[in-house]
file model.txt (compact mmCIF, N, CA and C atoms)
# COMPACT_ATOMS: atom_id res chain seq x y z
N ARG A 199 134.70 58.65 103.75
CA ARG A 199 135.23 58.52 105.09
C ARG A 199 135.17 57.07 105.57
N LEU A 200 134.07 56.37 105.32
CA LEU A 200 133.94 54.98 105.74
C LEU A 200 135.03 54.12 105.11
N ARG A 201 135.25 54.33 103.82
CA ARG A 201 136.29 53.56 103.12
C ARG A 201 137.65 53.77 103.80
N GLU A 202 137.97 55.02 104.15
CA GLU A 202 139.25 55.31 104.81
C GLU A 202 139.35 54.61 106.16
N LEU A 203 138.28 54.66 106.95
CA LEU A 203 138.30 54.02 108.27
C LEU A 203 138.48 52.51 108.15
N LEU A 204 137.75 51.90 107.23
CA LEU A 204 137.85 50.45 107.08
C LEU A 204 139.22 50.05 106.52
N THR A 205 139.70 50.78 105.55
CA THR A 205 141.01 50.48 104.97
C THR A 205 142.11 50.58 106.02
N ALA A 206 142.02 51.57 106.89
CA ALA A 206 143.01 51.73 107.95
C ALA A 206 143.04 50.52 108.89
N GLU A 207 141.91 49.81 108.97
CA GLU A 207 141.83 48.62 109.81
C GLU A 207 142.09 47.34 109.02
N GLY A 208 142.49 47.49 107.75
CA GLY A 208 142.79 46.32 106.93
C GLY A 208 141.56 45.66 106.35
N ILE A 209 140.46 46.41 106.25
CA ILE A 209 139.21 45.87 105.71
C ILE A 209 138.90 46.61 104.41
N PRO A 210 139.10 45.95 103.27
CA PRO A 210 138.81 46.64 102.00
C PRO A 210 137.30 46.76 101.78
N LEU A 211 136.89 47.87 101.22
CA LEU A 211 135.49 48.11 100.88
C LEU A 211 135.38 48.02 99.36
N ALA A 212 134.66 47.03 98.89
CA ALA A 212 134.58 46.78 97.44
C ALA A 212 133.78 47.84 96.71
N GLY A 213 132.74 48.35 97.33
CA GLY A 213 131.91 49.33 96.65
C GLY A 213 131.01 50.04 97.63
N CYS A 214 130.40 51.10 97.17
CA CYS A 214 129.48 51.87 97.99
C CYS A 214 128.38 52.41 97.07
N TRP A 215 127.15 52.15 97.43
CA TRP A 215 126.02 52.58 96.62
C TRP A 215 125.06 53.37 97.50
N TRP A 216 124.37 54.32 96.90
CA TRP A 216 123.35 55.07 97.62
C TRP A 216 122.26 55.47 96.64
N CYS A 217 121.11 55.71 97.20
CA CYS A 217 119.95 56.10 96.40
C CYS A 217 119.75 57.61 96.51
N PRO A 218 119.67 58.30 95.37
CA PRO A 218 119.46 59.75 95.41
C PRO A 218 117.98 60.16 95.46
N HIS A 219 117.10 59.18 95.45
CA HIS A 219 115.67 59.47 95.33
C HIS A 219 114.98 59.62 96.68
N HIS A 220 113.94 60.43 96.68
CA HIS A 220 113.03 60.52 97.82
C HIS A 220 111.69 60.97 97.27
N PRO A 221 110.64 60.21 97.55
CA PRO A 221 109.32 60.54 96.97
C PRO A 221 108.87 61.97 97.23
N GLN A 222 109.26 62.56 98.36
CA GLN A 222 108.89 63.95 98.66
C GLN A 222 110.09 64.89 98.54
N GLY A 223 111.07 64.51 97.74
CA GLY A 223 112.28 65.31 97.59
C GLY A 223 112.03 66.65 96.93
N ALA A 224 112.95 67.57 97.15
CA ALA A 224 112.83 68.93 96.62
C ALA A 224 113.30 69.05 95.18
N VAL A 225 114.12 68.12 94.71
CA VAL A 225 114.63 68.17 93.34
C VAL A 225 113.73 67.28 92.49
N PRO A 226 112.96 67.87 91.57
CA PRO A 226 111.95 67.11 90.83
C PRO A 226 112.46 65.83 90.17
N GLN A 227 113.63 65.85 89.57
CA GLN A 227 114.11 64.66 88.87
C GLN A 227 114.41 63.50 89.82
N TYR A 228 114.59 63.79 91.10
CA TYR A 228 114.86 62.74 92.09
C TYR A 228 113.67 62.48 93.01
N ALA A 229 112.62 63.24 92.88
CA ALA A 229 111.43 63.09 93.72
C ALA A 229 110.52 62.00 93.14
N VAL A 230 111.02 60.77 93.20
CA VAL A 230 110.28 59.64 92.63
C VAL A 230 110.39 58.42 93.55
N ASP A 231 109.42 57.52 93.41
CA ASP A 231 109.54 56.21 94.04
C ASP A 231 110.47 55.40 93.15
N CYS A 232 111.26 54.56 93.75
CA CYS A 232 112.22 53.79 92.97
C CYS A 232 112.43 52.43 93.61
N THR A 233 113.21 51.60 92.97
CA THR A 233 113.52 50.29 93.53
C THR A 233 114.86 50.27 94.25
N CYS A 234 115.54 51.43 94.30
CA CYS A 234 116.85 51.45 94.96
C CYS A 234 116.78 52.06 96.36
N ARG A 235 115.68 52.66 96.73
CA ARG A 235 115.57 53.26 98.07
C ARG A 235 115.15 52.19 99.07
N LYS A 236 115.92 52.07 100.15
CA LYS A 236 115.58 51.08 101.17
C LYS A 236 114.15 51.30 101.65
N PRO A 237 113.42 50.25 101.88
CA PRO A 237 113.81 48.85 101.98
C PRO A 237 113.72 48.08 100.66
N GLN A 238 113.53 48.77 99.55
CA GLN A 238 113.51 48.08 98.26
C GLN A 238 114.90 47.49 98.00
N PRO A 239 114.97 46.36 97.33
CA PRO A 239 116.25 45.67 97.18
C PRO A 239 117.09 46.06 95.96
N GLY A 240 116.75 47.12 95.26
CA GLY A 240 117.44 47.46 94.02
C GLY A 240 118.95 47.58 94.12
N LEU A 241 119.45 48.30 95.12
CA LEU A 241 120.90 48.48 95.24
C LEU A 241 121.59 47.19 95.66
N MET A 242 120.94 46.41 96.51
CA MET A 242 121.51 45.12 96.91
C MET A 242 121.59 44.20 95.69
N GLU A 243 120.56 44.19 94.88
CA GLU A 243 120.57 43.36 93.67
C GLU A 243 121.64 43.82 92.69
N ARG A 244 121.83 45.12 92.58
CA ARG A 244 122.88 45.66 91.71
C ARG A 244 124.26 45.21 92.19
N ALA A 245 124.51 45.36 93.48
CA ALA A 245 125.80 44.93 94.05
C ALA A 245 126.00 43.43 93.82
N ALA A 246 124.94 42.65 93.99
CA ALA A 246 125.03 41.20 93.80
C ALA A 246 125.41 40.86 92.36
N ARG A 247 124.82 41.57 91.42
CA ARG A 247 125.18 41.34 90.01
C ARG A 247 126.64 41.72 89.74
N GLU A 248 127.05 42.89 90.23
CA GLU A 248 128.39 43.38 89.97
C GLU A 248 129.48 42.54 90.63
N TYR A 249 129.17 41.97 91.79
CA TYR A 249 130.19 41.23 92.53
C TYR A 249 129.93 39.73 92.61
N GLY A 250 128.87 39.28 91.95
CA GLY A 250 128.61 37.85 91.83
C GLY A 250 128.31 37.13 93.14
N PHE A 251 127.47 37.69 93.96
CA PHE A 251 127.06 37.00 95.18
C PHE A 251 125.54 36.91 95.24
N LYS A 252 125.05 36.03 96.08
CA LYS A 252 123.62 35.90 96.31
C LYS A 252 123.23 36.78 97.49
N PRO A 253 122.25 37.67 97.31
CA PRO A 253 121.84 38.52 98.44
C PRO A 253 121.47 37.71 99.68
N SER A 254 120.94 36.53 99.50
CA SER A 254 120.56 35.70 100.64
C SER A 254 121.77 35.22 101.43
N GLU A 255 122.95 35.32 100.85
CA GLU A 255 124.17 34.92 101.56
C GLU A 255 124.93 36.14 102.10
N ALA A 256 124.31 37.31 102.04
CA ALA A 256 124.94 38.55 102.47
C ALA A 256 124.57 38.87 103.92
N PHE A 257 125.23 39.88 104.44
CA PHE A 257 124.94 40.42 105.77
C PHE A 257 124.51 41.86 105.60
N VAL A 258 123.42 42.24 106.23
CA VAL A 258 122.96 43.62 106.21
C VAL A 258 123.13 44.17 107.62
N ILE A 259 123.96 45.20 107.74
CA ILE A 259 124.22 45.84 109.02
C ILE A 259 123.61 47.24 108.96
N GLY A 260 122.83 47.59 109.97
CA GLY A 260 122.23 48.92 109.98
C GLY A 260 121.73 49.29 111.35
N ASP A 261 121.29 50.54 111.46
CA ASP A 261 120.80 51.04 112.74
C ASP A 261 119.33 51.42 112.71
N LYS A 262 118.64 51.06 111.63
CA LYS A 262 117.23 51.42 111.50
C LYS A 262 116.39 50.20 111.11
N VAL A 263 115.12 50.29 111.41
CA VAL A 263 114.18 49.23 111.04
C VAL A 263 114.21 49.01 109.53
N ILE A 264 114.32 50.08 108.77
CA ILE A 264 114.31 49.98 107.31
C ILE A 264 115.50 49.16 106.79
N ASP A 265 116.64 49.22 107.49
CA ASP A 265 117.80 48.42 107.11
C ASP A 265 117.51 46.94 107.32
N MET A 266 116.88 46.63 108.45
CA MET A 266 116.55 45.24 108.76
C MET A 266 115.49 44.71 107.79
N GLU A 267 114.57 45.58 107.40
CA GLU A 267 113.53 45.18 106.44
C GLU A 267 114.16 44.85 105.08
N LEU A 268 115.14 45.65 104.66
CA LEU A 268 115.86 45.33 103.42
C LEU A 268 116.47 43.94 103.52
N GLY A 269 117.16 43.68 104.61
CA GLY A 269 117.77 42.37 104.81
C GLY A 269 116.75 41.25 104.75
N ARG A 270 115.62 41.45 105.37
CA ARG A 270 114.56 40.43 105.35
C ARG A 270 114.04 40.20 103.93
N ARG A 271 113.91 41.27 103.17
CA ARG A 271 113.38 41.14 101.80
C ARG A 271 114.28 40.31 100.90
N VAL A 272 115.58 40.31 101.18
CA VAL A 272 116.51 39.54 100.34
C VAL A 272 116.99 38.27 101.05
N ASN A 273 116.39 37.99 102.22
CA ASN A 273 116.75 36.81 103.02
C ASN A 273 118.21 36.81 103.48
N ALA A 274 118.75 37.99 103.72
CA ALA A 274 120.11 38.12 104.22
C ALA A 274 120.12 37.98 105.74
N THR A 275 121.28 37.79 106.31
CA THR A 275 121.45 37.81 107.76
C THR A 275 121.51 39.27 108.19
N THR A 276 120.71 39.65 109.18
CA THR A 276 120.61 41.05 109.58
C THR A 276 121.24 41.29 110.94
N LEU A 277 121.96 42.41 111.04
CA LEU A 277 122.58 42.81 112.30
C LEU A 277 122.20 44.25 112.59
N LEU A 278 121.47 44.45 113.66
CA LEU A 278 121.12 45.79 114.11
C LEU A 278 122.24 46.28 115.01
N VAL A 279 122.86 47.39 114.66
CA VAL A 279 123.98 47.92 115.43
C VAL A 279 123.46 49.02 116.35
N ARG A 280 123.90 49.01 117.60
CA ARG A 280 123.40 49.95 118.62
C ARG A 280 124.08 51.31 118.55
N THR A 281 124.58 51.70 117.41
CA THR A 281 125.12 53.05 117.24
C THR A 281 124.09 53.84 116.46
N GLY A 282 124.21 55.14 116.43
CA GLY A 282 123.23 55.96 115.70
C GLY A 282 121.84 55.76 116.28
N TYR A 283 120.89 55.41 115.44
CA TYR A 283 119.51 55.19 115.88
C TYR A 283 119.31 53.82 116.53
N GLY A 284 120.29 52.94 116.40
CA GLY A 284 120.14 51.55 116.81
C GLY A 284 119.80 51.33 118.27
N THR A 285 120.34 52.14 119.17
CA THR A 285 120.03 51.97 120.59
C THR A 285 118.54 52.15 120.84
N ARG A 286 117.98 53.20 120.25
CA ARG A 286 116.54 53.46 120.41
C ARG A 286 115.71 52.37 119.74
N VAL A 287 116.12 51.96 118.54
CA VAL A 287 115.38 50.92 117.81
C VAL A 287 115.39 49.61 118.60
N ALA A 288 116.55 49.24 119.13
CA ALA A 288 116.65 48.00 119.90
C ALA A 288 115.81 48.08 121.17
N ALA A 289 115.80 49.24 121.83
CA ALA A 289 115.04 49.41 123.06
C ALA A 289 113.54 49.31 122.82
N GLN A 290 113.10 49.73 121.65
CA GLN A 290 111.68 49.64 121.32
C GLN A 290 111.25 48.20 121.10
N GLY A 291 112.20 47.35 120.74
CA GLY A 291 111.92 45.93 120.59
C GLY A 291 111.01 45.55 119.45
N ALA A 292 110.76 46.46 118.53
CA ALA A 292 109.82 46.18 117.44
C ALA A 292 110.53 45.91 116.13
N VAL A 293 111.75 45.40 116.20
CA VAL A 293 112.51 45.16 114.98
C VAL A 293 112.83 43.67 114.87
N ALA A 294 112.62 43.13 113.71
CA ALA A 294 112.98 41.73 113.45
C ALA A 294 114.38 41.72 112.85
N CYS A 295 115.32 41.15 113.59
CA CYS A 295 116.69 41.04 113.09
C CYS A 295 117.29 39.75 113.63
N ASP A 296 118.37 39.33 113.02
CA ASP A 296 119.03 38.10 113.46
C ASP A 296 119.94 38.32 114.65
N HIS A 297 120.59 39.48 114.71
CA HIS A 297 121.54 39.77 115.78
C HIS A 297 121.47 41.25 116.12
N ILE A 298 121.66 41.56 117.41
CA ILE A 298 121.83 42.94 117.85
C ILE A 298 123.25 43.04 118.37
N VAL A 299 124.00 44.01 117.84
CA VAL A 299 125.42 44.15 118.17
C VAL A 299 125.68 45.58 118.65
N ASP A 300 126.80 45.74 119.38
CA ASP A 300 127.11 47.06 119.95
C ASP A 300 127.63 48.05 118.92
N ASP A 301 128.49 47.59 118.01
CA ASP A 301 129.11 48.49 117.04
C ASP A 301 129.60 47.67 115.85
N LEU A 302 130.28 48.32 114.92
CA LEU A 302 130.74 47.61 113.72
C LEU A 302 131.78 46.54 114.04
N LEU A 303 132.61 46.80 115.03
CA LEU A 303 133.59 45.78 115.42
C LEU A 303 132.88 44.54 115.96
N ASP A 304 131.86 44.74 116.76
CA ASP A 304 131.07 43.62 117.27
C ASP A 304 130.37 42.90 116.12
N ALA A 305 129.88 43.64 115.14
CA ALA A 305 129.24 43.03 113.96
C ALA A 305 130.25 42.16 113.22
N ALA A 306 131.48 42.67 113.07
CA ALA A 306 132.52 41.90 112.38
C ALA A 306 132.82 40.61 113.13
N ARG A 307 132.84 40.68 114.45
CA ARG A 307 133.08 39.47 115.25
C ARG A 307 131.96 38.45 115.06
N VAL A 308 130.73 38.92 115.10
CA VAL A 308 129.58 38.02 114.91
C VAL A 308 129.63 37.38 113.53
N ILE A 309 129.87 38.19 112.52
CA ILE A 309 129.94 37.67 111.15
C ILE A 309 131.08 36.67 111.03
N GLY A 310 132.24 36.99 111.58
CA GLY A 310 133.36 36.05 111.56
C GLY A 310 133.00 34.73 112.20
N GLY A 311 132.32 34.79 113.33
CA GLY A 311 131.88 33.56 114.00
C GLY A 311 130.90 32.78 113.17
N LEU A 312 129.97 33.47 112.52
CA LEU A 312 129.00 32.78 111.67
C LEU A 312 129.68 32.13 110.47
N LEU A 313 130.62 32.84 109.86
CA LEU A 313 131.32 32.28 108.71
C LEU A 313 132.17 31.09 109.13
N TYR A 314 132.80 31.18 110.27
CA TYR A 314 133.64 30.06 110.77
C TYR A 314 132.76 28.85 111.06
N THR A 315 131.62 29.07 111.72
CA THR A 315 130.68 27.98 112.04
C THR A 315 130.15 27.33 110.76
N ASN A 316 129.79 28.15 109.79
CA ASN A 316 129.29 27.62 108.52
C ASN A 316 130.36 26.83 107.79
N GLN A 317 131.60 27.31 107.87
CA GLN A 317 132.72 26.60 107.20
C GLN A 317 132.96 25.25 107.86
N GLU A 318 132.85 25.19 109.19
CA GLU A 318 133.02 23.92 109.89
C GLU A 318 131.96 22.91 109.49
N HIS A 319 130.72 23.38 109.32
CA HIS A 319 129.62 22.47 108.96
C HIS A 319 129.68 22.01 107.52
N SER A 320 130.38 22.76 106.68
CA SER A 320 130.43 22.38 105.26
C SER A 320 131.59 21.45 104.94
N THR A 321 132.48 21.24 105.90
CA THR A 321 133.63 20.34 105.64
C THR A 321 133.44 18.99 106.27
call {"tool": "encode", "arguments": {"input": "model.txt", "output": "structure tokens"}}
result
Amino acid sequence: RLRELLTAEGIPLAGCWWCPHHPQGAVPQYAVDCTCRKPQPGLMERAAREYGFKPSEAFVIGDKVIDMELGRRVNATTLLVRTGYGTRVAAQGAVACDHIVDDLLDAARVIGGLLYTNQEHST
């Protein structure tokens, strides 16, 4: 569904990864600790290898503290979005993130501004 929504707005989604594991999961083969479950960086590192980018140059957008922690672990720029759990997380004020944004469109605007600013400084 996310891919369809983004594509409809002219934003291609290169890939989508998820972790099937949970330490207390009901399916024994997936009830394990792993390096791909957030906030561990396994999936981010996999995406970086497959697409040739540095995780530290990436943006992590999420609505939970665990998303921001993943971003911090890989030195990415973090954006806490106030949708889903994000409103409550932001109100608690106990999350370390680079930016708090209203929604994905606001996140895209912030990222665009950051990329434009960085491009100006590099020329």
call {"tool": "atom_distance", "arguments": {"input": "model.txt", "atom1": "CA of Ala305 in chain A", "atom2": "CA of Leu277 in chain A"}}
result
6.9 Å
call {"tool": "residues_around", "arguments": {"input": "model.txt", "residues": "Arg286 in chain A", "least_positions_apart": "6", "cutoff": "12 Å", "atoms": "only C-alpha atoms", "output": "list in words"}}
result
Asp261, Lys262, Val263, Leu278, Val279, Arg280, Ala292 and Val293 of chain A
call {"tool": "atom_distance", "arguments": {"input": "model.txt", "atom1": "CA of Thr315 in chain A", "atom2": "CA of Ser254 in chain A"}}
result
17.1 Å
call {"tool": "residues_around", "arguments": {"input": "model.txt", "residues": "Val258 in chain A", "least_positions_apart": "3", "cutoff": "7 Å", "atoms": "all atoms listed in the file", "output": "list in words"}}
result
Asp265, Met266, Gly269, Ala274, Thr275, Thr276, Leu277 and Leu278 of chain A
call {"tool": "closest_atom_pairs", "arguments": {"input": "model.txt", "of": "range 209-290 of chain A", "to": "range 200-205 of chain A", "cutoff": "6 Å", "atoms": "only N, CA and C atoms", "output": "tab-separated table"}}
result
residue	atom	partner	partner_atom	distance
A:Ile209	N	A:Leu204	C	3.9
A:Pro210	N	A:Thr205	CA	5.2
A:Leu211	N	A:Thr205	N	5.9
call {"tool": "axis_aligned_box", "arguments": {"input": "model.txt", "around": "range 243-255 of chain A", "padding_each_side": "3 Å", "output": "JSON"}}
result
{"center_x": 125.4, "center_y": 40.3, "center_z": 95.9, "size_x": 15.6, "size_y": 16.7, "size_z": 18.4}
call {"tool": "select_by_dssp", "arguments": {"input": "model.txt", "residues": "chain A", "states": "strand (DSSP E)", "output": "MDAnalysis selection string"}}
result
chainID A and resid 257:260 275:279 297:299
call {"tool": "decode", "arguments": {"input": "model.txt", "residues": "range 230-291 of chain A", "atoms": "C-alpha atoms", "output": "PDB file, in the first residue's frame"}}
result
ATOM      1  CA  VAL A 230      14.829 -15.081  18.216  1.00  0.00           C
ATOM      2  CA  ASP A 231      16.940 -12.018  18.879  1.00  0.00           C
ATOM      3  CA  CYS A 232      18.396 -10.761  15.640  1.00  0.00           C
ATOM      4  CA  THR A 233      20.294  -7.874  14.111  1.00  0.00           C
ATOM      5  CA  CYS A 234      17.442  -6.860  11.802  1.00  0.00           C
ATOM      6  CA  ARG A 235      14.843  -5.921  14.427  1.00  0.00           C
ATOM      7  CA  LYS A 236      14.813  -2.219  15.245  1.00  0.00           C
ATOM      8  CA  PRO A 237      16.708  -0.568  16.803  1.00  0.00           C
ATOM      9  CA  GLN A 238      19.417  -2.935  15.554  1.00  0.00           C
ATOM     10  CA  PRO A 239      20.858  -1.680  12.256  1.00  0.00           C
ATOM     11  CA  GLY A 240      20.780  -4.942  10.264  1.00  0.00           C
ATOM     12  CA  LEU A 241      18.104  -3.966   7.737  1.00  0.00           C
ATOM     13  CA  MET A 242      19.536  -0.476   7.270  1.00  0.00           C
ATOM     14  CA  GLU A 243      22.965  -1.991   6.623  1.00  0.00           C
ATOM     15  CA  ARG A 244      21.449  -4.450   4.139  1.00  0.00           C
ATOM     16  CA  ALA A 245      19.700  -1.648   2.250  1.00  0.00           C
ATOM     17  CA  ALA A 246      22.942   0.360   2.256  1.00  0.00           C
ATOM     18  CA  ARG A 247      24.833  -2.551   0.707  1.00  0.00           C
ATOM     19  CA  GLU A 248      22.152  -3.219  -1.907  1.00  0.00           C
ATOM     20  CA  TYR A 249      21.760   0.426  -2.921  1.00  0.00           C
ATOM     21  CA  GLY A 250      25.271   1.704  -2.291  1.00  0.00           C
ATOM     22  CA  PHE A 251      24.663   4.445   0.258  1.00  0.00           C
ATOM     23  CA  LYS A 252      26.123   5.290   3.648  1.00  0.00           C
ATOM     24  CA  PRO A 253      23.613   4.887   6.492  1.00  0.00           C
ATOM     25  CA  SER A 254      25.025   8.053   8.041  1.00  0.00           C
ATOM     26  CA  GLU A 255      23.825   9.959   4.967  1.00  0.00           C
ATOM     27  CA  ALA A 256      20.298   8.518   5.195  1.00  0.00           C
ATOM     28  CA  PHE A 257      17.091   9.824   6.739  1.00  0.00           C
ATOM     29  CA  VAL A 258      15.124   7.737   9.224  1.00  0.00           C
ATOM     30  CA  ILE A 259      11.461   8.708   9.499  1.00  0.00           C
ATOM     31  CA  GLY A 260       9.317   7.093  12.161  1.00  0.00           C
ATOM     32  CA  ASP A 261       6.719   7.544  14.848  1.00  0.00           C
ATOM     33  CA  LYS A 262       8.379   5.662  17.702  1.00  0.00           C
ATOM     34  CA  VAL A 263      11.386   6.075  19.951  1.00  0.00           C
ATOM     35  CA  ILE A 264      12.783   2.827  18.548  1.00  0.00           C
ATOM     36  CA  ASP A 265      12.832   4.359  15.036  1.00  0.00           C
ATOM     37  CA  MET A 266      14.811   7.346  16.292  1.00  0.00           C
ATOM     38  CA  GLU A 267      17.184   5.036  18.161  1.00  0.00           C
ATOM     39  CA  LEU A 268      17.874   3.139  14.921  1.00  0.00           C
ATOM     40  CA  GLY A 269      18.690   6.430  13.225  1.00  0.00           C
ATOM     41  CA  ARG A 270      21.023   7.413  16.050  1.00  0.00           C
ATOM     42  CA  ARG A 271      22.829   4.066  15.899  1.00  0.00           C
ATOM     43  CA  VAL A 272      23.720   4.597  12.235  1.00  0.00           C
ATOM     44  CA  ASN A 273      24.256   8.383  12.592  1.00  0.00           C
ATOM     45  CA  ALA A 274      21.405   9.133  10.189  1.00  0.00           C
ATOM     46  CA  THR A 275      19.250  12.256  10.260  1.00  0.00           C
ATOM     47  CA  THR A 276      16.100  11.415  12.227  1.00  0.00           C
ATOM     48  CA  LEU A 277      12.585  12.747  11.740  1.00  0.00           C
ATOM     49  CA  LEU A 278       9.854  11.938  14.238  1.00  0.00           C
ATOM     50  CA  VAL A 279       6.498  12.164  12.469  1.00  0.00           C
ATOM     51  CA  ARG A 280       3.438  13.171  14.525  1.00  0.00           C
ATOM     52  CA  THR A 281       1.204  10.530  12.938  1.00  0.00           C
ATOM     53  CA  GLY A 282       0.505   7.167  14.541  1.00  0.00           C
ATOM     54  CA  TYR A 283       2.326   7.033  17.877  1.00  0.00           C
ATOM     55  CA  GLY A 284       4.364  10.144  17.073  1.00  0.00           C
ATOM     56  CA  THR A 285       2.038  12.703  18.671  1.00  0.00           C
ATOM     57  CA  ARG A 286       2.247  10.929  22.022  1.00  0.00           C
ATOM     58  CA  VAL A 287       6.004  10.337  21.687  1.00  0.00           C
ATOM     59  CA  ALA A 288       6.638  14.003  20.858  1.00  0.00           C
ATOM     60  CA  ALA A 289       4.434  15.163  23.748  1.00  0.00           C
ATOM     61  CA  GLN A 290       6.405  13.033  26.189  1.00  0.00           C
ATOM     62  CA  GLY A 291       9.535  14.871  25.097  1.00  0.00           C
TER      63      GLY A 291
END
